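Below is one structure, written out as structure tokens; the observations come after it.
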Amino acid sequence: MRRPHIRRVAIAVAVTTAATLPMAPAFAAPDSPARAATSASSPVEAARAAAFAHASATGVGPGDTLRATDVMTDPDGKQHVRFVRSHQGLPVLGGDLVVHLGKQSAYLGVTRAADHAVKPATTEAKLTPQQAEQKAAAVAQGDAGSAALVVDARDGAAALAYQVRVTDSDTTEAGGSRTVVVDAQSGRIRSNTPDSDEFISPHLEETLREKGETASPVTGVATQPAGLLGATTAARYPVTATGSGTSLFAGKVTLTTTRTARTSFLLKDPTRWNTETRDAKGAELEAFSRGTKFTSTTNKWGTGTTANRTTAAVDAQYGITQTLDFYKKTFGRKGIKNNSTGARAMVHFGRKVGNAFWDSTCGCMLYGDGDGAMFKKPLVVLDVTGHELTHGVVDATAALEPTRVDARGNQYGEPGALNESLADIFGSNVEFSANNPKNPPNYLMGEKLGLAQKFLRRLDHPSLDKLEGTIDYWSPAAYDTEVHAGSGVSSHAYYLLAEGSGRKTIGGVKYDSPTFDGSRVTGIGRAKATAIFYRALTRYMVSTTDFHDARTATLEAAADMYGATSAEYQAVDAAWAAVNVTTANTPAVGR
């Protein structure tokens with residue numbers, strides 16, 4: 001039985017009919033750093049007051065408390081304040097919203113997750129916390145932490161529930177943790193979601209096993225770097241140094257490291273907020289502090305082979321720094337959470353783990369070494385890292401969630417599919433940003449994994465992916481499609497917006513992008529398309545945003561940047577229509 005889907009109210013009291021942010025090449029304006037709710041910041045106070053004053057639009061009412069998690073100010077003075085909500089002191093799941101203000105802090109509109117009141121019918125729990133913990137431990141097959149009361153507003157009507165984090169889960173790859181939500185009245189499991197995002201889904205792993213296929217990633221060819229790099233006469237340490245790495249997939253790369261003594265170097269980048277990679281040494285660690293530091297006496301790292309355990313760390317550190325560089329130089333984003341904090345990674349995670357993860361609990365990337373059978377090398381490929389770290393960006397902004405998760409850990413639903421799509425979109429952009437000749441940029445995902453179909457997913461013609469059954473166009477069935485398969489809808493819309501339909505060769509790769517109705521779409525360029533999607537994510541998407549909501553969000557973003565009568569705005573509309581997402585076929589509220 002499928003869970004009712006919650007459609008948010010899409011930008012109530014819509015605004016901006018003229019270009020307010022003229023810019024070229026039209027990448028989104030830099031975000032202002034996130035500010036805590038405890039700040040006396042006037043945008044937060046104004047947005048909070050507006051949310052209560054416009055209760056019919058925002059859904060905020062008596063007993064609600066709003067905590068700001070992000071404040072974004074545009075060059076024209078518009079402000080967007082993202083809130084999470086509590087009701088009677090209890091956190092509200094699916095209660096997030098973004099309040100939009102004008103230059104003088106006048107209310108312009110709202111983007112909200114829940115389109116109903118969040119007040120539960122009762123605040124009296126029938127289950128005890130101990131009973132909720134037992135149920136959570138049983139369903140997730142792990143060790144339950146303390147149960148905390150919440151209001152679950154994701155299910156079409158607000159209900160009192162317990163939220164429990166379960167660690168060492170036997171239902172999660174490599175014994176990761178899960179968050180289980182238990183109804184406080186009936187005891188039914190309302191949701192059971194892994195805390196980490198796996199690049200290889202259980203569905204894909206099963207498909208590869210059925211086909212008898214193994215993935216042997218294609219490694220780059222690199223010569224061993226020679227000479228000591230980063231030498232300096234500085235007598236005080238630590239200092240910044242320039243080292244050289246020989247990677248598995250990206251060839252010979254330059255790494256910024258930390259020199260801790262005359263002949264002692266640490267794989268930690270002080271120029272990128274101390275971004276660091278460590279060695280899990282085969283343990284299933286979710287605490288970065290327990291990882292072993294990578295050190296060198298020569299500032300030369302890796303040998304280009306898996307025989308040297310530092311080699312995987314080179315790929316990881318390179319991929320993470322390239323991802324951080326993409327977000328900073330393109331959007332002014334300072335780190336994954338936009339808080340001037342570095343990213344972290346651990347390689348050699350677990351034993352025989354054929355996967356890579358973004359772990360929100362650790363706040364870092366975790367890379368297994370491969371299971372030795374289906375996946376024979378670590379998944380430290382550049383677009384995999386860009387994809388997974390983008391899940392961290394989504395977590396820090398819209399926090400898109402699947403609508404359900406099955407017993408095997410497969411995730412379903414349009415918000416989760418949109419999450420996967422954005423990870424593919426920005427992951428491919430990381431490749432374009434890095435422009436590494438050993439890992440040429442393209443609109444393919446996982447092309448270096450060594451799969452028989454030569455890629456895992458592709459943005460121009462998603463249904464060419466037969467392993468995950470990715471779809472090209474929206475239909476009502478997309479509501480309950482596995483998230484990687486469903487991601488094709490918005491990925492296809494993005495490609496059409498960027499490059500247009502039909503045949504073309506870009507960077508030596510041949511593309512042929514179809515459309516649902518046979519229409520011809522003219523692209524506006526990758527720079528503009530990427531800027532529009534990023535602005536839509538950070539300003540106009542929330543945890544329950546589906547494909548029709550994403551269309552609205554990207555149209556709002558395009559109107560902000562270029563005006564509602566612009567060619568760019570019309571191109572966004574045409575791209576979504578070409579994947580069968582239109583105003584006319586928007587599902588009814590509550591489905």
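Just remember, in the structure tokens the first chain shown is A, the second B, etc., residues are 1-based per chain, and ligands are 1-based in the order shown.
Of all the residues in range 430-503 of chain A, the ones DSSP labels as strand (DSSP E or B) from the backbone are Asn436, Asn439, Leu444, Met445, Arg457, Arg458, Glu482, Gly502 and Arg503 of chain A.
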Which of range 27-128 of chain A DSSP labels alpha helix (DSSP H), written as a PDB file with C-alpha atoms, in the first residue's frame:
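Contents of the output file out_12.pdb:
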```pdb
ATOM      1  CA  SER A  42      16.661  41.018  10.616  1.00  0.00           C
ATOM      2  CA  PRO A  43      15.902  38.734   7.634  1.00  0.00           C
ATOM      3  CA  VAL A  44      15.233  35.846  10.039  1.00  0.00           C
ATOM      4  CA  GLU A  45      13.033  37.957  12.269  1.00  0.00           C
ATOM      5  CA  ALA A  46      11.188  39.454   9.310  1.00  0.00           C
ATOM      6  CA  ALA A  47      10.669  36.072   7.697  1.00  0.00           C
ATOM      7  CA  ARG A  48       9.467  34.515  10.939  1.00  0.00           C
ATOM      8  CA  ALA A  49       7.005  37.340  11.488  1.00  0.00           C
ATOM      9  CA  ALA A  50       5.812  37.060   7.887  1.00  0.00           C
ATOM     10  CA  ALA A  51       5.274  33.316   8.267  1.00  0.00           C
ATOM     11  CA  PHE A  52       2.870  33.873  11.168  1.00  0.00           C
ATOM     12  CA  ALA A  53       1.239  36.905   9.576  1.00  0.00           C
ATOM     13  CA  ALA A  55      -0.596  31.750   8.122  1.00  0.00           C
ATOM     14  CA  SER A  56      -3.117  30.771   5.447  1.00  0.00           C
ATOM     15  CA  ALA A  57      -0.302  30.591   2.895  1.00  0.00           C
ATOM     16  CA  THR A  58       2.538  29.326   5.084  1.00  0.00           C
TER      17      THR A  58
END
```
(request) Identify, on the basis of only C-alpha atoms, every residue whose closest approach to range 179-189 of chain A does not exceed 7 Å; exclude the query and any residue fewer than 4 positions from it along the same chain; express the result as a list in words. (result) Ala125, Lys126, Leu127, Ala132, Ala136, Leu160, Ala161, Tyr162, Gln163, Val164, Arg165, Val166, Thr193, Pro194 and Asp195 of chain A
Quick one: everything within 8 Å of range 77-87 of chain A, counting only C-alpha atoms, minus sequence neighbours fewer than 5 positions away in the same chain. Send it as a PDB file with N, CA, C and O atoms, in the first residue's frame.
```pdb
ATOM      1  N   PRO A  43      16.637  39.577   8.576  1.00  0.00           N
ATOM      2  CA  PRO A  43      15.902  38.734   7.634  1.00  0.00           C
ATOM      3  C   PRO A  43      15.194  37.571   8.326  1.00  0.00           C
ATOM      4  O   PRO A  43      14.061  37.235   7.976  1.00  0.00           O
ATOM      5  N   VAL A  44      15.851  36.957   9.310  1.00  0.00           N
ATOM      6  CA  VAL A  44      15.233  35.846  10.039  1.00  0.00           C
ATOM      7  C   VAL A  44      14.008  36.328  10.802  1.00  0.00           C
ATOM      8  O   VAL A  44      12.935  35.715  10.746  1.00  0.00           O
ATOM      9  N   ALA A  47      11.251  37.254   8.324  1.00  0.00           N
ATOM     10  CA  ALA A  47      10.669  36.072   7.697  1.00  0.00           C
ATOM     11  C   ALA A  47       9.801  35.295   8.682  1.00  0.00           C
ATOM     12  O   ALA A  47       8.729  34.793   8.330  1.00  0.00           O
ATOM     13  N   GLY A  63       1.385  27.394  18.443  1.00  0.00           N
ATOM     14  CA  GLY A  63       2.156  26.253  18.926  1.00  0.00           C
ATOM     15  C   GLY A  63       3.375  25.950  18.082  1.00  0.00           C
ATOM     16  O   GLY A  63       4.207  25.121  18.465  1.00  0.00           O
ATOM     17  N   ASP A  64       3.501  26.618  16.922  1.00  0.00           N
ATOM     18  CA  ASP A  64       4.651  26.373  16.045  1.00  0.00           C
ATOM     19  C   ASP A  64       5.825  27.274  16.423  1.00  0.00           C
ATOM     20  O   ASP A  64       5.654  28.435  16.794  1.00  0.00           O
ATOM     21  N   THR A  65       7.019  26.723  16.270  1.00  0.00           N
ATOM     22  CA  THR A  65       8.263  27.470  16.437  1.00  0.00           C
ATOM     23  C   THR A  65       9.098  27.247  15.189  1.00  0.00           C
ATOM     24  O   THR A  65       9.204  26.116  14.706  1.00  0.00           O
ATOM     25  N   LEU A  66       9.680  28.310  14.663  1.00  0.00           N
ATOM     26  CA  LEU A  66      10.487  28.221  13.443  1.00  0.00           C
ATOM     27  C   LEU A  66      11.953  28.484  13.764  1.00  0.00           C
ATOM     28  O   LEU A  66      12.296  29.488  14.392  1.00  0.00           O
ATOM     29  N   ARG A  67      12.813  27.567  13.312  1.00  0.00           N
ATOM     30  CA  ARG A  67      14.265  27.738  13.477  1.00  0.00           C
ATOM     31  C   ARG A  67      14.902  27.879  12.102  1.00  0.00           C
ATOM     32  O   ARG A  67      14.771  26.998  11.256  1.00  0.00           O
ATOM     33  N   ALA A  68      15.573  28.987  11.869  1.00  0.00           N
ATOM     34  CA  ALA A  68      16.205  29.234  10.573  1.00  0.00           C
ATOM     35  C   ALA A  68      17.444  28.366  10.409  1.00  0.00           C
ATOM     36  O   ALA A  68      18.269  28.265  11.326  1.00  0.00           O
ATOM     37  N   THR A  69      17.562  27.751   9.248  1.00  0.00           N
ATOM     38  CA  THR A  69      18.759  26.955   8.939  1.00  0.00           C
ATOM     39  C   THR A  69      19.580  27.566   7.820  1.00  0.00           C
ATOM     40  O   THR A  69      20.717  27.153   7.608  1.00  0.00           O
ATOM     41  N   ASP A  70      19.019  28.527   7.101  1.00  0.00           N
ATOM     42  CA  ASP A  70      19.768  29.157   6.017  1.00  0.00           C
ATOM     43  C   ASP A  70      19.144  30.503   5.690  1.00  0.00           C
ATOM     44  O   ASP A  70      17.918  30.663   5.740  1.00  0.00           O
ATOM     45  N   VAL A  71      19.984  31.473   5.381  1.00  0.00           N
ATOM     46  CA  VAL A  71      19.545  32.780   4.924  1.00  0.00           C
ATOM     47  C   VAL A  71      20.304  33.096   3.647  1.00  0.00           C
ATOM     48  O   VAL A  71      21.536  33.097   3.634  1.00  0.00           O
ATOM     49  N   MET A  72      19.589  33.318   2.564  1.00  0.00           N
ATOM     50  CA  MET A  72      20.213  33.607   1.275  1.00  0.00           C
ATOM     51  C   MET A  72      19.777  34.977   0.807  1.00  0.00           C
ATOM     52  O   MET A  72      18.579  35.273   0.748  1.00  0.00           O
ATOM     53  N   VAL A  92       9.057  18.792  13.803  1.00  0.00           N
ATOM     54  CA  VAL A  92       8.069  18.390  12.807  1.00  0.00           C
ATOM     55  C   VAL A  92       8.798  17.832  11.585  1.00  0.00           C
ATOM     56  O   VAL A  92       9.554  18.555  10.928  1.00  0.00           O
ATOM     57  N   GLY A  95       7.932  19.475   7.915  1.00  0.00           N
ATOM     58  CA  GLY A  95       7.359  20.779   8.223  1.00  0.00           C
ATOM     59  C   GLY A  95       8.209  21.932   7.747  1.00  0.00           C
ATOM     60  O   GLY A  95       7.962  23.084   8.108  1.00  0.00           O
ATOM     61  N   ASP A  96       9.220  21.665   6.922  1.00  0.00           N
ATOM     62  CA  ASP A  96      10.143  22.697   6.478  1.00  0.00           C
ATOM     63  C   ASP A  96       9.494  23.650   5.481  1.00  0.00           C
ATOM     64  O   ASP A  96       8.551  23.295   4.775  1.00  0.00           O
ATOM     65  N   LEU A  97      10.016  24.861   5.413  1.00  0.00           N
ATOM     66  CA  LEU A  97       9.493  25.871   4.502  1.00  0.00           C
ATOM     67  C   LEU A  97      10.552  26.922   4.239  1.00  0.00           C
ATOM     68  O   LEU A  97      11.515  27.068   5.009  1.00  0.00           O
ATOM     69  N   VAL A  98      10.406  27.630   3.122  1.00  0.00           N
ATOM     70  CA  VAL A  98      11.275  28.762   2.785  1.00  0.00           C
ATOM     71  C   VAL A  98      10.383  29.981   2.604  1.00  0.00           C
ATOM     72  O   VAL A  98       9.437  29.953   1.809  1.00  0.00           O
ATOM     73  N   VAL A  99      10.667  31.038   3.343  1.00  0.00           N
ATOM     74  CA  VAL A  99       9.919  32.281   3.231  1.00  0.00           C
ATOM     75  C   VAL A  99      10.730  33.242   2.365  1.00  0.00           C
ATOM     76  O   VAL A  99      11.929  33.447   2.587  1.00  0.00           O
ATOM     77  N   HIS A 100      10.072  33.843   1.365  1.00  0.00           N
ATOM     78  CA  HIS A 100      10.729  34.739   0.421  1.00  0.00           C
ATOM     79  C   HIS A 100      10.348  36.181   0.727  1.00  0.00           C
ATOM     80  O   HIS A 100       9.151  36.503   0.877  1.00  0.00           O
ATOM     81  N   LEU A 101      11.361  37.037   0.839  1.00  0.00           N
ATOM     82  CA  LEU A 101      11.156  38.443   1.183  1.00  0.00           C
ATOM     83  C   LEU A 101      11.745  39.352   0.105  1.00  0.00           C
ATOM     84  O   LEU A 101      12.737  38.999  -0.546  1.00  0.00           O
ATOM     85  N   GLY A 102      11.170  40.537  -0.048  1.00  0.00           N
ATOM     86  CA  GLY A 102      11.703  41.526  -0.963  1.00  0.00           C
ATOM     87  C   GLY A 102      12.843  42.297  -0.337  1.00  0.00           C
ATOM     88  O   GLY A 102      13.253  42.054   0.809  1.00  0.00           O
ATOM     89  N   LYS A 103      13.354  43.278  -1.080  1.00  0.00           N
ATOM     90  CA  LYS A 103      14.506  44.055  -0.628  1.00  0.00           C
ATOM     91  C   LYS A 103      14.243  44.751   0.696  1.00  0.00           C
ATOM     92  O   LYS A 103      15.136  44.855   1.544  1.00  0.00           O
ATOM     93  N   GLN A 104      13.024  45.201   0.905  1.00  0.00           N
ATOM     94  CA  GLN A 104      12.661  45.879   2.149  1.00  0.00           C
ATOM     95  C   GLN A 104      12.000  44.926   3.140  1.00  0.00           C
ATOM     96  O   GLN A 104      11.254  45.359   4.020  1.00  0.00           O
ATOM     97  N   SER A 105      12.252  43.626   2.964  1.00  0.00           N
ATOM     98  CA  SER A 105      11.736  42.563   3.853  1.00  0.00           C
ATOM     99  C   SER A 105      10.235  42.374   3.768  1.00  0.00           C
ATOM    100  O   SER A 105       9.618  41.802   4.672  1.00  0.00           O
ATOM    101  N   VAL A 118      -0.060  21.100  10.803  1.00  0.00           N
ATOM    102  CA  VAL A 118       0.834  20.105  11.396  1.00  0.00           C
ATOM    103  C   VAL A 118       0.411  19.707  12.806  1.00  0.00           C
ATOM    104  O   VAL A 118       1.085  18.930  13.459  1.00  0.00           O
ATOM    105  N   LYS A 119      -0.709  20.197  13.262  1.00  0.00           N
ATOM    106  CA  LYS A 119      -1.160  19.874  14.607  1.00  0.00           C
ATOM    107  C   LYS A 119      -1.675  18.436  14.661  1.00  0.00           C
ATOM    108  O   LYS A 119      -2.629  18.077  13.965  1.00  0.00           O
ATOM    109  N   VAL A 151       6.540  15.158  15.613  1.00  0.00           N
ATOM    110  CA  VAL A 151       5.301  15.215  14.847  1.00  0.00           C
ATOM    111  C   VAL A 151       5.649  14.861  13.405  1.00  0.00           C
ATOM    112  O   VAL A 151       6.499  15.511  12.793  1.00  0.00           O
ATOM    113  N   ARG A 539      16.778  27.812  -3.229  1.00  0.00           N
ATOM    114  CA  ARG A 539      15.751  28.790  -2.873  1.00  0.00           C
ATOM    115  C   ARG A 539      14.339  28.229  -2.884  1.00  0.00           C
ATOM    116  O   ARG A 539      13.508  28.640  -2.081  1.00  0.00           O
TER     117      ARG A 539
END
```
Give me the residues within 9 Å of Ala117 in chain A as a PDB file with C-alpha atoms, in the first residue's frame, counting only C-alpha atoms and dropping any in the same chain fewer than 4 places off.
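And here is the file that came out, result-v3.pdb:
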```pdb
ATOM      1  CA  GLY A  59       0.601  26.867   7.240  1.00  0.00           C
ATOM      2  CA  VAL A  60       2.336  28.183  10.361  1.00  0.00           C
ATOM      3  CA  GLY A  61       0.032  28.424  13.356  1.00  0.00           C
ATOM      4  CA  ALA A 153       3.637  15.650   8.929  1.00  0.00           C
ATOM      5  CA  ALA A 157      -1.948  14.350   8.168  1.00  0.00           C
ATOM      6  CA  ALA A 158       0.157  15.175  11.195  1.00  0.00           C
TER       7      ALA A 158
END
```
Find the residues around Ala417 in chain A up to 12 Å (only C-alpha atoms counted), leave out those fewer than 2 positions away in its own chain, and share them as a PDB file with N, CA and C atoms, in the first residue's frame.
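And here is the file that came out, selection.pdb:
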```
ATOM      1  N   HIS A 391      24.815  14.970  -2.609  1.00  0.00           N
ATOM      2  CA  HIS A 391      23.794  14.566  -1.639  1.00  0.00           C
ATOM      3  C   HIS A 391      23.974  15.340  -0.333  1.00  0.00           C
ATOM      4  N   LEU A 400      15.748  16.703   0.372  1.00  0.00           N
ATOM      5  CA  LEU A 400      14.779  15.859  -0.327  1.00  0.00           C
ATOM      6  C   LEU A 400      14.807  14.435   0.213  1.00  0.00           C
ATOM      7  N   GLU A 401      13.623  13.851   0.395  1.00  0.00           N
ATOM      8  CA  GLU A 401      13.518  12.524   0.986  1.00  0.00           C
ATOM      9  C   GLU A 401      12.693  11.593   0.099  1.00  0.00           C
ATOM     10  N   PRO A 402      12.998  10.290   0.107  1.00  0.00           N
ATOM     11  CA  PRO A 402      12.132   9.343  -0.608  1.00  0.00           C
ATOM     12  C   PRO A 402      10.777   9.255   0.079  1.00  0.00           C
ATOM     13  N   THR A 403       9.754   8.802  -0.649  1.00  0.00           N
ATOM     14  CA  THR A 403       8.443   8.651  -0.036  1.00  0.00           C
ATOM     15  C   THR A 403       8.300   7.314   0.673  1.00  0.00           C
ATOM     16  N   ARG A 404       9.108   6.323   0.277  1.00  0.00           N
ATOM     17  CA  ARG A 404       9.119   5.063   1.016  1.00  0.00           C
ATOM     18  C   ARG A 404      10.419   4.321   0.751  1.00  0.00           C
ATOM     19  N   ASN A 410      15.821  -0.361  -0.913  1.00  0.00           N
ATOM     20  CA  ASN A 410      15.572   0.426  -2.119  1.00  0.00           C
ATOM     21  C   ASN A 410      14.631   1.579  -1.797  1.00  0.00           C
ATOM     22  N   GLN A 411      14.919   2.751  -2.361  1.00  0.00           N
ATOM     23  CA  GLN A 411      14.121   3.943  -2.082  1.00  0.00           C
ATOM     24  C   GLN A 411      13.242   4.274  -3.282  1.00  0.00           C
ATOM     25  N   TYR A 412      12.080   4.850  -3.003  1.00  0.00           N
ATOM     26  CA  TYR A 412      11.087   5.120  -4.040  1.00  0.00           C
ATOM     27  C   TYR A 412      10.536   6.533  -3.885  1.00  0.00           C
ATOM     28  N   GLY A 413      10.006   7.061  -4.986  1.00  0.00           N
ATOM     29  CA  GLY A 413       9.281   8.319  -4.927  1.00  0.00           C
ATOM     30  C   GLY A 413      10.003   9.470  -5.599  1.00  0.00           C
ATOM     31  N   GLU A 414       9.243  10.453  -6.029  1.00  0.00           N
ATOM     32  CA  GLU A 414       9.772  11.548  -6.823  1.00  0.00           C
ATOM     33  C   GLU A 414      10.752  12.457  -6.075  1.00  0.00           C
ATOM     34  N   PRO A 415      10.519  12.843  -4.811  1.00  0.00           N
ATOM     35  CA  PRO A 415      11.520  13.677  -4.138  1.00  0.00           C
ATOM     36  C   PRO A 415      12.882  12.978  -4.045  1.00  0.00           C
ATOM     37  N   ASN A 419      16.436  14.022  -5.870  1.00  0.00           N
ATOM     38  CA  ASN A 419      17.705  14.050  -5.140  1.00  0.00           C
ATOM     39  C   ASN A 419      18.789  13.350  -5.953  1.00  0.00           C
ATOM     40  N   GLU A 420      18.497  12.138  -6.446  1.00  0.00           N
ATOM     41  CA  GLU A 420      19.472  11.398  -7.250  1.00  0.00           C
ATOM     42  C   GLU A 420      19.802  12.137  -8.539  1.00  0.00           C
ATOM     43  N   SER A 421      18.796  12.742  -9.146  1.00  0.00           N
ATOM     44  CA  SER A 421      19.008  13.491 -10.376  1.00  0.00           C
ATOM     45  C   SER A 421      19.934  14.683 -10.160  1.00  0.00           C
ATOM     46  N   LEU A 422      19.696  15.450  -9.116  1.00  0.00           N
ATOM     47  CA  LEU A 422      20.559  16.591  -8.832  1.00  0.00           C
ATOM     48  C   LEU A 422      21.990  16.150  -8.565  1.00  0.00           C
ATOM     49  N   ALA A 423      22.143  14.993  -7.910  1.00  0.00           N
ATOM     50  CA  ALA A 423      23.484  14.462  -7.671  1.00  0.00           C
ATOM     51  C   ALA A 423      24.172  14.106  -8.985  1.00  0.00           C
ATOM     52  N   ASP A 424      23.420  13.565  -9.945  1.00  0.00           N
ATOM     53  CA  ASP A 424      23.988  13.273 -11.269  1.00  0.00           C
ATOM     54  C   ASP A 424      24.295  14.564 -12.033  1.00  0.00           C
ATOM     55  N   THR A 470      16.091   3.135 -16.036  1.00  0.00           N
ATOM     56  CA  THR A 470      15.855   4.567 -15.908  1.00  0.00           C
ATOM     57  C   THR A 470      14.854   5.053 -16.957  1.00  0.00           C
ATOM     58  N   ILE A 471      14.004   5.997 -16.570  1.00  0.00           N
ATOM     59  CA  ILE A 471      12.935   6.459 -17.453  1.00  0.00           C
ATOM     60  C   ILE A 471      13.270   7.821 -18.050  1.00  0.00           C
ATOM     61  N   TRP A 474       7.998  11.665 -17.580  1.00  0.00           N
ATOM     62  CA  TRP A 474       7.109  11.517 -16.430  1.00  0.00           C
ATOM     63  C   TRP A 474       5.816  10.826 -16.840  1.00  0.00           C
ATOM     64  N   ALA A 478       5.632   7.347 -12.061  1.00  0.00           N
ATOM     65  CA  ALA A 478       6.883   7.861 -11.501  1.00  0.00           C
ATOM     66  C   ALA A 478       6.767   8.086  -9.997  1.00  0.00           C
ATOM     67  N   TYR A 479       5.538   8.249  -9.532  1.00  0.00           N
ATOM     68  CA  TYR A 479       5.316   8.476  -8.099  1.00  0.00           C
ATOM     69  C   TYR A 479       5.975   7.399  -7.252  1.00  0.00           C
ATOM     70  N   ASP A 480       5.896   6.148  -7.696  1.00  0.00           N
ATOM     71  CA  ASP A 480       6.414   5.051  -6.880  1.00  0.00           C
ATOM     72  C   ASP A 480       7.520   4.282  -7.610  1.00  0.00           C
ATOM     73  N   THR A 481       8.321   4.983  -8.384  1.00  0.00           N
ATOM     74  CA  THR A 481       9.452   4.382  -9.084  1.00  0.00           C
ATOM     75  C   THR A 481      10.689   4.439  -8.203  1.00  0.00           C
ATOM     76  N   GLU A 482      11.547   3.422  -8.303  1.00  0.00           N
ATOM     77  CA  GLU A 482      12.819   3.425  -7.576  1.00  0.00           C
ATOM     78  C   GLU A 482      13.574   4.696  -7.943  1.00  0.00           C
ATOM     79  N   VAL A 483      14.251   5.301  -6.969  1.00  0.00           N
ATOM     80  CA  VAL A 483      14.741   6.665  -7.146  1.00  0.00           C
ATOM     81  C   VAL A 483      15.780   6.817  -8.247  1.00  0.00           C
ATOM     82  N   HIS A 484      16.668   5.829  -8.424  1.00  0.00           N
ATOM     83  CA  HIS A 484      17.664   5.948  -9.487  1.00  0.00           C
ATOM     84  C   HIS A 484      17.000   5.827 -10.854  1.00  0.00           C
ATOM     85  N   ALA A 485      16.011   4.952 -10.963  1.00  0.00           N
ATOM     86  CA  ALA A 485      15.267   4.821 -12.221  1.00  0.00           C
ATOM     87  C   ALA A 485      14.466   6.084 -12.505  1.00  0.00           C
ATOM     88  N   GLY A 486      13.833   6.632 -11.478  1.00  0.00           N
ATOM     89  CA  GLY A 486      13.014   7.823 -11.659  1.00  0.00           C
ATOM     90  C   GLY A 486      13.811   9.092 -11.914  1.00  0.00           C
ATOM     91  N   SER A 487      15.095   9.067 -11.561  1.00  0.00           N
ATOM     92  CA  SER A 487      15.915  10.274 -11.696  1.00  0.00           C
ATOM     93  C   SER A 487      16.012  10.764 -13.136  1.00  0.00           C
ATOM     94  N   GLY A 488      15.740   9.870 -14.095  1.00  0.00           N
ATOM     95  CA  GLY A 488      15.864  10.243 -15.497  1.00  0.00           C
ATOM     96  C   GLY A 488      14.971  11.393 -15.909  1.00  0.00           C
ATOM     97  N   VAL A 489      13.828  11.565 -15.258  1.00  0.00           N
ATOM     98  CA  VAL A 489      12.879  12.607 -15.660  1.00  0.00           C
ATOM     99  C   VAL A 489      13.527  13.993 -15.559  1.00  0.00           C
ATOM    100  N   SER A 490      14.025  14.347 -14.381  1.00  0.00           N
ATOM    101  CA  SER A 490      14.600  15.686 -14.211  1.00  0.00           C
ATOM    102  C   SER A 490      15.995  15.792 -14.798  1.00  0.00           C
ATOM    103  N   SER A 491      16.759  14.690 -14.822  1.00  0.00           N
ATOM    104  CA  SER A 491      18.072  14.716 -15.475  1.00  0.00           C
ATOM    105  C   SER A 491      17.918  15.002 -16.964  1.00  0.00           C
ATOM    106  N   SER A 543      11.681  19.481   1.292  1.00  0.00           N
ATOM    107  CA  SER A 543      11.887  18.033   1.434  1.00  0.00           C
ATOM    108  C   SER A 543      10.946  17.180   0.603  1.00  0.00           C
ATOM    109  N   THR A 544       9.767  17.709   0.239  1.00  0.00           N
ATOM    110  CA  THR A 544       8.787  16.907  -0.502  1.00  0.00           C
ATOM    111  C   THR A 544       8.651  17.326  -1.969  1.00  0.00           C
ATOM    112  N   THR A 545       9.564  18.137  -2.469  1.00  0.00           N
ATOM    113  CA  THR A 545       9.477  18.612  -3.853  1.00  0.00           C
ATOM    114  C   THR A 545       9.474  17.442  -4.836  1.00  0.00           C
ATOM    115  N   ASP A 546       8.464  17.399  -5.697  1.00  0.00           N
ATOM    116  CA  ASP A 546       8.401  16.360  -6.727  1.00  0.00           C
ATOM    117  C   ASP A 546       8.717  16.984  -8.080  1.00  0.00           C
ATOM    118  N   PHE A 547       8.490  16.251  -9.193  1.00  0.00           N
ATOM    119  CA  PHE A 547       8.905  16.760 -10.496  1.00  0.00           C
ATOM    120  C   PHE A 547       8.107  17.990 -10.933  1.00  0.00           C
ATOM    121  N   ALA A 550       9.411  20.759  -9.009  1.00  0.00           N
ATOM    122  CA  ALA A 550      10.739  21.129  -9.513  1.00  0.00           C
ATOM    123  C   ALA A 550      10.611  22.006 -10.753  1.00  0.00           C
TER     124      ALA A 550
END
```
(message) Please list as a ChimeraX atom specification every residue within 12 Å of Glu388 in chain A, counting only C-alpha atoms and excluding residues in the same chain fewer than 4 positions away.
(response) /A:196-200,316,319-320,323,336,343,345,355-360,363-367,379-384,392-395,419-428,430,445
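You will find CA of Lys352 in chain A at 11.9 Å from CA of Lys281 in chain A.
One distance worth recording is that between CA of Lys337 in chain A and CA of Lys252 in chain A, which is 29.1 Å.
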(request) Would you work out the distance separating CA of Val239 in chain A from CA of Val347 in chain A, expressed in Å to one decimal? (result) 24.7 Å
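Distances to Gly245 in chain A were evaluated for A:Thr305, A:Thr390, A:Ser201, A:Thr271 using only C-alpha atoms, and the minimum falls at A:Thr305.
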(message) Using only C-alpha atoms for the distances, tell me which of A:Tyr318, A:Phe294, A:Trp576, A:Tyr495 is nearest to His461 in chain A.
(response) A:Tyr495
